[in-house]
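> Sharing structure_26.pdb below, PDB, C-alpha atoms and all ligand atoms:
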```pdb
MODEL        1
ATOM      1  CA  MET J   1      45.293 119.081 -22.948
ATOM      2  CA  LYS J   2      43.667 119.373 -26.359
ATOM      3  CA  ALA J   3      40.376 121.093 -27.235
ATOM      4  CA  LEU J   4      38.389 121.145 -30.463
ATOM      5  CA  VAL J   5      36.125 124.192 -30.794
ATOM      6  CA  THR J   6      33.664 124.240 -33.694
ATOM      7  CA  GLY J   7      32.825 127.517 -35.410
ATOM      8  CA  ALA J   8      36.055 128.850 -33.924
ATOM      9  CA  ASN J   9      36.844 131.249 -36.747
ATOM     10  CA  LYS J  10      34.745 134.086 -35.304
ATOM     11  CA  GLY J  11      32.254 135.257 -32.718
ATOM     12  CA  ILE J  12      31.872 133.381 -29.445
ATOM     13  CA  GLY J  13      33.774 130.354 -30.791
ATOM     14  CA  PHE J  14      36.920 132.317 -31.578
ATOM     15  CA  GLU J  15      36.881 133.829 -28.087
ATOM     16  CA  ILE J  16      36.345 130.433 -26.448
ATOM     17  CA  ALA J  17      39.319 129.116 -28.437
ATOM     18  CA  ARG J  18      41.431 132.131 -27.417
ATOM     19  CA  GLN J  19      40.549 131.873 -23.725
ATOM     20  CA  LEU J  20      41.123 128.103 -23.630
ATOM     21  CA  GLY J  21      44.404 128.626 -25.475
ATOM     22  CA  LYS J  22      45.473 131.163 -22.831
ATOM     23  CA  ARG J  23      44.801 128.462 -20.228
ATOM     24  CA  GLY J  24      47.298 126.214 -22.002
ATOM     25  CA  TYR J  25      45.033 124.078 -24.173
ATOM     26  CA  GLU J  26      46.244 123.070 -27.618
ATOM     27  CA  ILE J  27      43.454 124.385 -29.838
ATOM     28  CA  LEU J  28      41.955 122.723 -32.879
ATOM     29  CA  VAL J  29      40.151 125.477 -34.748
ATOM     30  CA  GLY J  30      37.084 123.797 -36.244
ATOM     31  CA  ALA J  31      35.814 125.830 -39.189
ATOM     32  CA  ARG J  32      34.002 125.053 -42.413
ATOM     33  CA  ASP J  33      36.011 127.522 -44.493
ATOM     34  CA  GLU J  34      39.767 126.939 -44.608
ATOM     35  CA  ILE J  35      40.734 130.571 -45.280
ATOM     36  CA  ARG J  36      38.646 131.850 -42.346
ATOM     37  CA  GLY J  37      39.887 128.993 -40.175
ATOM     38  CA  GLN J  38      43.559 129.577 -41.008
ATOM     39  CA  LYS J  39      43.150 133.310 -40.286
ATOM     40  CA  ALA J  40      41.905 132.411 -36.791
ATOM     41  CA  VAL J  41      44.837 130.011 -36.388
ATOM     42  CA  SER J  42      47.329 132.774 -37.195
ATOM     43  CA  ASP J  43      45.567 135.227 -34.852
ATOM     44  CA  LEU J  44      45.749 132.658 -32.027
ATOM     45  CA  THR J  45      49.341 131.709 -32.834
ATOM     46  CA  ALA J  46      50.283 135.411 -32.715
ATOM     47  CA  GLU J  47      49.104 135.374 -29.080
ATOM     48  CA  GLY J  48      51.389 132.440 -28.253
ATOM     49  CA  ILE J  49      48.631 129.807 -28.481
ATOM     50  CA  THR J  50      49.258 126.417 -30.081
ATOM     51  CA  ALA J  51      46.536 126.129 -32.707
ATOM     52  CA  SER J  52      45.789 124.323 -35.947
ATOM     53  CA  PHE J  53      42.927 124.184 -38.434
ATOM     54  CA  ILE J  54      40.549 121.269 -38.776
ATOM     55  CA  LYS J  55      37.760 121.349 -41.326
ATOM     56  CA  ILE J  56      34.377 120.946 -39.653
ATOM     57  CA  ASP J  57      31.324 121.540 -41.813
ATOM     58  CA  LEU J  58      28.199 120.423 -39.995
ATOM     59  CA  ASN J  59      26.419 120.151 -43.359
ATOM     60  CA  ASP J  60      29.050 117.751 -44.685
ATOM     61  CA  PHE J  61      29.386 114.614 -42.578
ATOM     62  CA  THR J  62      32.482 113.519 -44.546
ATOM     63  CA  THR J  63      34.419 116.370 -42.906
ATOM     64  CA  LEU J  64      33.255 115.166 -39.480
ATOM     65  CA  HIS J  65      34.356 111.593 -40.104
ATOM     66  CA  GLU J  66      37.697 112.778 -41.525
ATOM     67  CA  ALA J  67      38.188 114.962 -38.445
ATOM     68  CA  ALA J  68      37.730 111.913 -36.209
ATOM     69  CA  ASP J  69      40.548 110.214 -38.126
ATOM     70  CA  ARG J  70      42.858 113.211 -37.749
ATOM     71  CA  VAL J  71      42.380 114.838 -34.325
ATOM     72  CA  GLY J  72      43.839 112.131 -32.083
ATOM     73  CA  THR J  73      42.901 112.266 -28.406
ATOM     74  CA  LEU J  74      40.648 115.085 -27.216
ATOM     75  CA  ASP J  75      40.135 116.340 -23.648
ATOM     76  CA  LEU J  76      37.455 118.826 -24.604
ATOM     77  CA  LEU J  77      34.947 119.270 -27.422
ATOM     78  CA  VAL J  78      33.112 122.601 -27.613
ATOM     79  CA  ASN J  79      30.121 122.416 -29.940
ATOM     80  CA  ASN J  80      29.805 126.105 -30.681
ATOM     81  CA  ALA J  81      29.043 126.247 -34.430
ATOM     82  CA  GLY J  82      25.440 127.128 -35.083
ATOM     83  CA  ILE J  83      23.014 129.167 -37.163
ATOM     84  CA  PRO J  84      19.916 131.202 -36.278
ATOM     85  CA  GLY J  85      17.937 129.819 -39.211
ATOM     86  CA  ASN J  86      16.145 131.998 -41.711
ATOM     87  CA  ILE J  87      15.267 135.104 -39.703
ATOM     88  CA  ALA J  88      14.914 137.388 -42.745
ATOM     89  CA  THR J  89      11.736 139.415 -43.108
ATOM     90  CA  HIS J  90      10.732 142.554 -45.005
ATOM     91  CA  ARG J  91      12.183 144.469 -42.033
ATOM     92  CA  GLY J  92      15.714 143.083 -42.462
ATOM     93  CA  GLN J  93      17.967 140.018 -42.748
ATOM     94  CA  LYS J  94      18.249 139.464 -38.982
ATOM     95  CA  ASP J  95      14.776 139.991 -37.646
ATOM     96  CA  MET J  96      14.296 138.157 -34.364
ATOM     97  CA  PHE J  97      10.726 139.534 -34.319
ATOM     98  CA  LYS J  98       9.786 137.375 -37.301
ATOM     99  CA  SER J  99       6.431 135.737 -36.716
ATOM    100  CA  ALA J 100       6.635 132.086 -35.756
ATOM    101  CA  PHE J 101       4.004 131.444 -38.441
ATOM    102  CA  ASP J 102       6.293 132.770 -41.191
ATOM    103  CA  TYR J 103       8.850 129.949 -40.997
ATOM    104  CA  THR J 104       8.644 127.280 -43.669
ATOM    105  CA  THR J 105       9.298 123.614 -43.080
ATOM    106  CA  ASP J 106      12.471 124.031 -45.163
ATOM    107  CA  ASP J 107      13.625 126.790 -42.768
ATOM    108  CA  LEU J 108      13.184 124.361 -39.877
ATOM    109  CA  ARG J 109      14.896 121.521 -41.751
ATOM    110  CA  GLN J 110      17.972 123.586 -42.678
ATOM    111  CA  THR J 111      18.423 124.809 -39.119
ATOM    112  CA  VAL J 112      17.967 121.385 -37.560
ATOM    113  CA  GLU J 113      20.460 119.961 -40.102
ATOM    114  CA  VAL J 114      23.216 122.165 -38.675
ATOM    115  CA  ASN J 115      22.362 122.710 -35.016
ATOM    116  CA  PHE J 116      21.088 119.230 -34.228
ATOM    117  CA  PHE J 117      21.957 116.609 -36.867
ATOM    118  CA  GLY J 118      25.454 118.017 -37.524
ATOM    119  CA  THR J 119      26.258 118.382 -33.834
ATOM    120  CA  HIS J 120      24.883 114.895 -33.157
ATOM    121  CA  GLU J 121      26.993 113.369 -35.915
ATOM    122  CA  LEU J 122      30.140 115.142 -34.715
ATOM    123  CA  ILE J 123      29.716 113.971 -31.127
ATOM    124  CA  LYS J 124      29.077 110.387 -32.238
ATOM    125  CA  SER J 125      32.066 110.498 -34.605
ATOM    126  CA  LEU J 126      34.419 111.753 -31.899
ATOM    127  CA  LEU J 127      33.333 109.483 -29.026
ATOM    128  CA  SER J 128      36.327 107.202 -29.509
ATOM    129  CA  ASN J 129      38.689 110.214 -29.562
ATOM    130  CA  LEU J 130      37.575 111.469 -26.152
ATOM    131  CA  THR J 131      39.626 110.789 -23.044
ATOM    132  CA  GLU J 132      38.002 108.897 -20.148
ATOM    133  CA  ASP J 133      37.142 112.131 -18.322
ATOM    134  CA  ALA J 134      36.640 114.367 -21.351
ATOM    135  CA  LYS J 135      34.058 117.144 -21.366
ATOM    136  CA  ILE J 136      31.669 118.096 -24.158
ATOM    137  CA  LEU J 137      30.253 121.613 -23.877
ATOM    138  CA  ASN J 138      27.401 122.697 -26.135
ATOM    139  CA  VAL J 139      26.750 126.429 -26.563
ATOM    140  CA  THR J 140      22.994 126.772 -26.543
ATOM    141  CA  ILE J 141      19.795 128.743 -25.909
ATOM    142  CA  PRO J 142      16.558 128.083 -23.962
ATOM    143  CA  ILE J 143      13.911 125.747 -25.357
ATOM    144  CA  SER J 144      11.318 128.498 -25.681
ATOM    145  CA  GLY J 145      11.403 132.196 -26.421
ATOM    146  CA  ASN J 146       9.110 134.990 -25.355
ATOM    147  CA  GLN J 147       6.700 137.139 -27.311
ATOM    148  CA  TYR J 148       9.515 139.444 -28.442
ATOM    149  CA  TRP J 149      12.137 136.789 -29.225
ATOM    150  CA  GLN J 150      10.878 133.578 -30.722
ATOM    151  CA  PRO J 151      12.924 132.503 -33.736
ATOM    152  CA  LEU J 152      11.109 129.222 -34.266
ATOM    153  CA  ALA J 153      13.696 127.354 -36.351
ATOM    154  CA  TYR J 154      16.554 128.310 -34.030
ATOM    155  CA  LEU J 155      14.607 127.494 -30.845
ATOM    156  CA  THR J 156      13.375 124.116 -32.020
ATOM    157  CA  SER J 157      16.776 123.039 -33.372
ATOM    158  CA  LYS J 158      18.463 123.910 -30.075
ATOM    159  CA  ALA J 159      15.659 122.268 -28.094
ATOM    160  CA  ALA J 160      16.532 119.040 -29.908
ATOM    161  CA  GLN J 161      20.210 119.648 -29.162
ATOM    162  CA  ASN J 162      19.424 120.283 -25.489
ATOM    163  CA  SER J 163      17.483 117.014 -25.268
ATOM    164  CA  MET J 164      20.422 115.174 -26.812
ATOM    165  CA  THR J 165      22.762 116.814 -24.299
ATOM    166  CA  MET J 166      20.699 115.560 -21.361
ATOM    167  CA  VAL J 167      20.142 112.097 -22.824
ATOM    168  CA  PHE J 168      23.811 111.555 -23.734
ATOM    169  CA  GLY J 169      24.731 112.744 -20.241
ATOM    170  CA  ASN J 170      22.383 110.167 -18.757
ATOM    171  CA  GLU J 171      24.058 107.505 -20.913
ATOM    172  CA  PHE J 172      27.416 108.510 -19.426
ATOM    173  CA  ILE J 173      25.926 108.088 -15.934
ATOM    174  CA  LYS J 174      24.307 104.739 -16.762
ATOM    175  CA  THR J 175      27.525 103.326 -18.194
ATOM    176  CA  GLY J 176      29.690 104.561 -15.314
ATOM    177  CA  SER J 177      31.629 106.929 -17.578
ATOM    178  CA  LYS J 178      33.475 109.878 -16.048
ATOM    179  CA  ARG J 179      32.838 111.923 -19.183
ATOM    180  CA  GLN J 180      30.552 114.936 -19.000
ATOM    181  CA  ILE J 181      28.315 116.588 -21.572
ATOM    182  CA  PHE J 182      26.429 119.760 -20.770
ATOM    183  CA  GLY J 183      25.001 122.887 -22.372
ATOM    184  CA  VAL J 184      25.611 126.511 -21.464
ATOM    185  CA  MET J 185      23.200 129.333 -22.353
ATOM    186  CA  PRO J 186      25.198 132.572 -22.426
ATOM    187  CA  GLY J 187      22.217 134.890 -23.015
ATOM    188  CA  ALA J 188      22.318 137.489 -25.791
ATOM    189  CA  VAL J 189      25.754 138.136 -27.312
ATOM    190  CA  ALA J 190      26.725 140.723 -29.936
ATOM    191  CA  THR J 191      27.857 138.670 -32.950
ATOM    192  CA  ASP J 192      27.117 138.246 -36.653
ATOM    193  CA  LEU J 193      24.458 135.715 -35.697
ATOM    194  CA  ASN J 194      22.015 138.413 -34.607
ATOM    195  CA  GLY J 195      23.698 141.654 -35.697
ATOM    196  CA  MET J 196      22.917 143.192 -32.287
ATOM    197  CA  PRO J 197      25.238 145.802 -30.735
ATOM    198  CA  GLU J 198      26.623 145.346 -27.243
ATOM    199  CA  SER J 199      24.454 146.858 -24.507
ATOM    200  CA  ASP J 200      23.469 146.331 -20.876
ATOM    201  CA  TYR J 201      21.587 143.223 -22.041
ATOM    202  CA  VAL J 202      23.832 142.039 -24.863
ATOM    203  CA  LYS J 203      27.271 140.698 -23.902
ATOM    204  CA  SER J 204      30.506 141.002 -25.829
ATOM    205  CA  PRO J 205      31.936 137.737 -27.211
ATOM    206  CA  VAL J 206      34.797 138.151 -24.712
ATOM    207  CA  ALA J 207      32.390 138.275 -21.741
ATOM    208  CA  ALA J 208      30.278 135.434 -23.154
ATOM    209  CA  ALA J 209      33.305 133.183 -23.669
ATOM    210  CA  ALA J 210      34.539 133.911 -20.133
ATOM    211  CA  LEU J 211      31.122 132.964 -18.764
ATOM    212  CA  ILE J 212      30.824 129.822 -20.886
ATOM    213  CA  THR J 213      34.316 128.515 -20.092
ATOM    214  CA  SER J 214      33.895 129.280 -16.372
ATOM    215  CA  PHE J 215      31.606 126.238 -16.141
ATOM    216  CA  LEU J 216      34.479 124.029 -17.280
ATOM    217  CA  PHE J 217      36.673 125.125 -14.407
ATOM    218  CA  ASP J 218      34.292 125.642 -11.467
ATOM    219  CA  GLY J 219      34.983 122.189 -10.024
ATOM    220  CA  LYS J 220      31.314 121.149 -10.375
ATOM    221  CA  ASN J 221      29.937 118.218 -12.335
ATOM    222  CA  HIS J 222      27.433 119.645 -14.832
ATOM    223  CA  ASN J 223      26.915 116.391 -16.718
ATOM    224  CA  ALA J 224      23.460 116.105 -18.353
ATOM    225  CA  HIS J 225      22.595 119.666 -17.350
ATOM    226  CA  ILE J 226      21.842 122.854 -19.229
ATOM    227  CA  VAL J 227      23.354 125.776 -17.345
ATOM    228  CA  ASN J 228      21.778 129.209 -17.635
ATOM    229  CA  TYR J 229      23.988 132.329 -17.774
ATOM    230  CA  THR J 230      22.865 133.154 -14.258
ATOM    231  CA  GLY J 231      24.291 129.824 -13.093
ATOM    232  CA  VAL J 232      20.870 128.146 -12.738
ATOM    233  CA  ASP J 233      21.397 124.510 -13.591
ATOM    234  CA  VAL J 234      18.453 122.879 -15.377
ATOM    235  CA  THR J 235      18.491 119.132 -15.009
ATOM    236  CA  ASN J 236      15.762 116.525 -15.007
ATOM    237  CA  TYR J 237      12.289 118.047 -15.486
ATOM    238  CA  GLU J 238      10.691 114.984 -13.888
ATOM    239  CA  ALA J 239      13.165 114.173 -11.170
ATOM    240  CA  GLU J 240      10.752 111.803  -9.444
ATOM    241  CA  LEU J 241      10.936 109.478 -12.489
ATOM    242  CA  SER J 242      14.587 108.813 -11.619
ATOM    243  CA  GLN J 243      13.296 106.826  -8.647
ATOM    244  CA  ASN J 244      11.685 104.250 -11.015
ATOM    245  CA  LYS J 245      14.728 102.656 -12.554
TER     246      LYS J 245
HETATM  247  N1  LIG J 301      24.981 135.393 -30.330
HETATM  248  C1  LIG J 301      24.098 135.048 -29.368
HETATM  249  O1  LIG J 301      23.333 135.883 -28.846
HETATM  250  C2  LIG J 301      24.058 133.627 -28.868
HETATM  251  C3  LIG J 301      23.339 133.356 -27.682
HETATM  252  C4  LIG J 301      23.273 132.044 -27.218
HETATM  253  C5  LIG J 301      23.911 131.029 -27.924
HETATM  254  N2  LIG J 301      24.591 131.324 -29.069
HETATM  255  C6  LIG J 301      25.229 130.223 -29.775
HETATM  256  O2  LIG J 301      26.606 130.485 -29.858
HETATM  257  C7  LIG J 301      27.148 129.777 -30.962
HETATM  258  C8  LIG J 301      28.071 130.705 -31.748
HETATM  259  O3  LIG J 301      27.285 131.751 -32.288
HETATM  260  P1  LIG J 301      27.824 133.229 -32.526
HETATM  261  O4  LIG J 301      26.844 134.130 -31.882
HETATM  262  O5  LIG J 301      29.248 133.343 -32.183
HETATM  263  O6  LIG J 301      27.557 133.352 -34.109
HETATM  264  P2  LIG J 301      28.520 133.651 -35.334
HETATM  265  O7  LIG J 301      29.433 134.779 -35.040
HETATM  266  O8  LIG J 301      27.590 133.748 -36.492
HETATM  267  O9  LIG J 301      29.399 132.325 -35.457
HETATM  268  C9  LIG J 301      28.825 131.117 -35.863
HETATM  269  C10 LIG J 301      29.936 130.140 -36.179
HETATM  270  O10 LIG J 301      29.332 128.908 -36.605
HETATM  271  C11 LIG J 301      29.893 128.550 -37.858
HETATM  272  N3  LIG J 301      28.984 127.759 -38.657
HETATM  273  C12 LIG J 301      27.782 128.112 -39.151
HETATM  274  N4  LIG J 301      27.267 127.116 -39.888
HETATM  275  C13 LIG J 301      28.170 126.100 -39.865
HETATM  276  C14 LIG J 301      28.234 124.818 -40.439
HETATM  277  N5  LIG J 301      27.269 124.345 -41.233
HETATM  278  N6  LIG J 301      29.317 124.050 -40.196
HETATM  279  C15 LIG J 301      30.308 124.503 -39.417
HETATM  280  N7  LIG J 301      30.337 125.725 -38.865
HETATM  281  C16 LIG J 301      29.267 126.515 -39.085
HETATM  282  C17 LIG J 301      30.220 129.874 -38.524
HETATM  283  O11 LIG J 301      31.130 129.678 -39.591
HETATM  284  P3  LIG J 301      31.208 130.707 -40.854
HETATM  285  O12 LIG J 301      32.044 131.874 -40.390
HETATM  286  O13 LIG J 301      31.851 129.886 -41.910
HETATM  287  O14 LIG J 301      29.804 131.112 -41.178
HETATM  288  C18 LIG J 301      30.818 130.611 -37.340
HETATM  289  O15 LIG J 301      32.136 130.195 -37.116
HETATM  290  C19 LIG J 301      25.942 129.271 -31.783
HETATM  291  O16 LIG J 301      25.747 127.899 -31.524
HETATM  292  C20 LIG J 301      24.788 130.068 -31.219
HETATM  293  O17 LIG J 301      23.563 129.384 -31.304
HETATM  294  C21 LIG J 301      24.689 132.594 -29.557
ENDMDL
END
```
Any chance you could put this one into structure tokens?


Amino acid sequence: MKALVTGANKGIGFEIARQLGKRGYEILVGARDEIRGQKAVSDLTAEGITASFIKIDLNDFTTLHEAADRVGTLDLLVNNAGIPGNIATHRGQKDMFKSAFDYTTDDLRQTVEVNFFGTHELIKSLLSNLTEDAKILNVTIPISGNQYWQPLAYLTSKAAQNSMTMVFGNEFIKTGSKRQIFGVMPGAVATDLNGMPESDYVKSPVAAAALITSFLFDGKNHNAHIVNYTGVDVTNYEAELSQNK
């Protein structure tokens, strides 16, 4: 079994790679920087995991197309790489309290480029590499925030990604494919993305990766769903429309 994990050089992605590797997966460490990627490869190899580096830069589609030529057959693709967008304010570089009105269109564009367009291009590029019953897991967030946490660029880019997840999943159903694509929302995690420390409300990357990967091995079909960290499975918002084929 072979898994490609994007953004696997650190944070949640590294832990997902490590935990999948411990389950016996051969790991392709997707990273945009070769030195950081190779460091993760040696850390995984030191734990007895079979791992190798593959350059994945979601801002550079050439790397995505080259990866498709190189990775061979994949049983699992974890789209983990992502950015929070420009959350800098006068209060600090990682200010999740930034007003939604302070984002520029360029902030939105740069975030969508990575979290949505890059992820979309990678999935499309790798479709022919995926086994008949392969799974694609997207690490994601809800489509809306709350008055204390509403990073507009991040939320909107992941909302687009979540829509793609559901729509691609529906395509798998319509075409009789056994493949699955689904999103998992781990809740807040202490990583470089937000600079938050671990707390009662903020998970460690180890706990987050255990939660995220649990949905790969729970025996359920999550295709076309977005699964919340509590296990709530969001599917079709207008289920009655499914009756009108
Ligand atoms: N932390 C949270 O609270 C939280 C909650 C829910 C969902 N998530 C999601 O979890 C995923 C991982 O985030 P994290 O918290 O682990 O953050 P992180 O520690 O900042 O890791 C982000 C990873 O994405 C990579 N990346 C960024 N831009 C990229 C690009 N253009 N091309 C390829 N790789 C790129 C980074 O590579 P470099 O090292 O080269 O920058 C890094 O490996 C993200 O999709 C995030 O939205 C996080």

> Box in all listed atoms of stretch 128-136 of chain J, axis-aligned, with 4 Å more on each side; write out centre and edge lengths in Å to one decimal as lines of an AutoDock Vina configuration file.


```
center_x = 35.6
center_y = 112.6
center_z = -23.9
size_x = 16.0
size_y = 18.9
size_z = 19.2
```

> Set the cut-off to 7 Å, count all atoms listed in the file, and list whatever residues fall near ligand LIG 301 (chain J) as a PDB file with C-alpha atoms, in the frame of the given file.


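Listed below is the output, selection_11.pdb:
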```pdb
ATOM      1  CA  THR J   6      33.664 124.240 -33.694  1.00  0.00           C
ATOM      2  CA  GLY J   7      32.825 127.517 -35.410  1.00  0.00           C
ATOM      3  CA  ALA J   8      36.055 128.850 -33.924  1.00  0.00           C
ATOM      4  CA  ASN J   9      36.844 131.249 -36.747  1.00  0.00           C
ATOM      5  CA  LYS J  10      34.745 134.086 -35.304  1.00  0.00           C
ATOM      6  CA  GLY J  11      32.254 135.257 -32.718  1.00  0.00           C
ATOM      7  CA  ILE J  12      31.872 133.381 -29.445  1.00  0.00           C
ATOM      8  CA  GLY J  13      33.774 130.354 -30.791  1.00  0.00           C
ATOM      9  CA  ALA J  31      35.814 125.830 -39.189  1.00  0.00           C
ATOM     10  CA  ARG J  32      34.002 125.053 -42.413  1.00  0.00           C
ATOM     11  CA  ASP J  33      36.011 127.522 -44.493  1.00  0.00           C
ATOM     12  CA  ARG J  36      38.646 131.850 -42.346  1.00  0.00           C
ATOM     13  CA  ILE J  56      34.377 120.946 -39.653  1.00  0.00           C
ATOM     14  CA  ASP J  57      31.324 121.540 -41.813  1.00  0.00           C
ATOM     15  CA  LEU J  58      28.199 120.423 -39.995  1.00  0.00           C
ATOM     16  CA  ASN J  59      26.419 120.151 -43.359  1.00  0.00           C
ATOM     17  CA  ASN J  80      29.805 126.105 -30.681  1.00  0.00           C
ATOM     18  CA  ALA J  81      29.043 126.247 -34.430  1.00  0.00           C
ATOM     19  CA  GLY J  82      25.440 127.128 -35.083  1.00  0.00           C
ATOM     20  CA  ILE J  83      23.014 129.167 -37.163  1.00  0.00           C
ATOM     21  CA  PRO J  84      19.916 131.202 -36.278  1.00  0.00           C
ATOM     22  CA  VAL J 114      23.216 122.165 -38.675  1.00  0.00           C
ATOM     23  CA  VAL J 139      26.750 126.429 -26.563  1.00  0.00           C
ATOM     24  CA  THR J 140      22.994 126.772 -26.543  1.00  0.00           C
ATOM     25  CA  ILE J 141      19.795 128.743 -25.909  1.00  0.00           C
ATOM     26  CA  MET J 185      23.200 129.333 -22.353  1.00  0.00           C
ATOM     27  CA  PRO J 186      25.198 132.572 -22.426  1.00  0.00           C
ATOM     28  CA  GLY J 187      22.217 134.890 -23.015  1.00  0.00           C
ATOM     29  CA  ALA J 188      22.318 137.489 -25.791  1.00  0.00           C
ATOM     30  CA  VAL J 189      25.754 138.136 -27.312  1.00  0.00           C
ATOM     31  CA  ALA J 190      26.725 140.723 -29.936  1.00  0.00           C
ATOM     32  CA  THR J 191      27.857 138.670 -32.950  1.00  0.00           C
ATOM     33  CA  ASP J 192      27.117 138.246 -36.653  1.00  0.00           C
ATOM     34  CA  LEU J 193      24.458 135.715 -35.697  1.00  0.00           C
ATOM     35  CA  ASN J 194      22.015 138.413 -34.607  1.00  0.00           C
TER      36      ASN J 194
END
```

> May I have the residues within 10 Å of J:Ser163 as a PyMOL selection string, using only C-alpha atoms and disregarding those fewer than 4 positions away in the same chain?

chain J and resi 116+143+158-159+167-169+183+224-226

> Got a sec: who's within 10 Å of J:Ser128, counting only C-alpha atoms, leaving out chain neighbours fewer than 6 positions off, as a list of chain:residue names?

J:Ala68, J:Gly72, J:Thr73, J:Leu74

> Mind telling me what the PyMOL selection byres (((chain J and resi 231) around 12) and not hetatm) catches here, as a ChimeraX atom specification?

/J:183-187,211-212,214-215,218,220,222,225-230,232-234

> Expand the PyMOL selection byres (((chain J and resi 95-97) around 10) and not hetatm) into the explicit residue set it covers here, and present it as a list of chain:residue names.

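When the PyMOL selection byres (((chain J and resi 95-97) around 10) and not hetatm) is applied, the selected residues are J:Pro84, J:Asn86, J:Ile87, J:Ala88, J:Thr89, J:His90, J:Arg91, J:Gly92, J:Gln93, J:Lys94, J:Lys98, J:Ser99, J:Ala100, J:Gln147, J:Tyr148, J:Trp149, J:Gln150, J:Pro151, J:Leu152, J:Asn194, J:Gly195.
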
> Calculate how many Å separate atom CA of J:Ala153 from atom CA of J:Asp107, rounding to one decimal.

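Computed distance, atom CA of J:Ala153 to atom CA of J:Asp107, equals 6.4 Å.
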
> Please measure the separation of atom CA of J:Asn115 and atom CA of J:Tyr154, giving the value in Å to one decimal.

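That distance, rounded to one decimal, is 8.1 Å.
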
> So how far away is atom CA of J:Thr213 from atom CA of J:Val5, in Å?

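A separation of 11.7 Å between them.
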
> Any chance you could turn stretch 159-173 of chain J into a file with N, CA and C atoms, as a tab-separated table (two decimals), in the first residue's frame?


```
chain	number	residue	atom	x	y	z
J	159	ALA	N	-13.63	26.46	1.66
J	159	ALA	CA	-15.02	26.22	1.25
J	159	ALA	C	-15.06	25.72	-0.19
J	160	ALA	N	-14.21	26.34	-1.03
J	160	ALA	CA	-14.13	25.88	-2.43
J	160	ALA	C	-13.60	24.44	-2.47
J	161	GLN	N	-12.60	24.18	-1.66
J	161	GLN	CA	-12.05	22.81	-1.62
J	161	GLN	C	-13.11	21.81	-1.14
J	162	ASN	N	-13.89	22.22	-0.13
J	162	ASN	CA	-14.93	21.31	0.38
J	162	ASN	C	-15.98	21.02	-0.68
J	163	SER	N	-16.35	22.05	-1.45
J	163	SER	CA	-17.32	21.83	-2.53
J	163	SER	C	-16.76	20.85	-3.54
J	164	MET	N	-15.49	21.03	-3.90
J	164	MET	CA	-14.85	20.12	-4.85
J	164	MET	C	-14.86	18.69	-4.30
J	165	THR	N	-14.60	18.55	-3.02
J	165	THR	CA	-14.57	17.22	-2.40
J	165	THR	C	-15.92	16.53	-2.60
J	166	MET	N	-16.99	17.26	-2.30
J	166	MET	CA	-18.33	16.67	-2.41
J	166	MET	C	-18.68	16.37	-3.87
J	167	VAL	N	-18.34	17.30	-4.75
J	167	VAL	CA	-18.70	17.13	-6.17
J	167	VAL	C	-17.91	15.99	-6.81
J	168	PHE	N	-16.62	15.91	-6.52
J	168	PHE	CA	-15.82	14.80	-7.05
J	168	PHE	C	-16.34	13.46	-6.49
J	169	GLY	N	-16.73	13.49	-5.22
J	169	GLY	CA	-17.28	12.26	-4.62
J	169	GLY	C	-18.55	11.82	-5.34
J	170	ASN	N	-19.38	12.81	-5.68
J	170	ASN	CA	-20.61	12.49	-6.41
J	170	ASN	C	-20.29	11.93	-7.80
J	171	GLU	N	-19.21	12.44	-8.41
J	171	GLU	CA	-18.80	11.89	-9.71
J	171	GLU	C	-18.39	10.42	-9.57
J	172	PHE	N	-17.69	10.11	-8.48
J	172	PHE	CA	-17.32	8.70	-8.25
J	172	PHE	C	-18.59	7.84	-8.16
J	173	ILE	N	-19.59	8.35	-7.43
J	173	ILE	CA	-20.84	7.58	-7.29
J	173	ILE	C	-21.51	7.41	-8.65
```
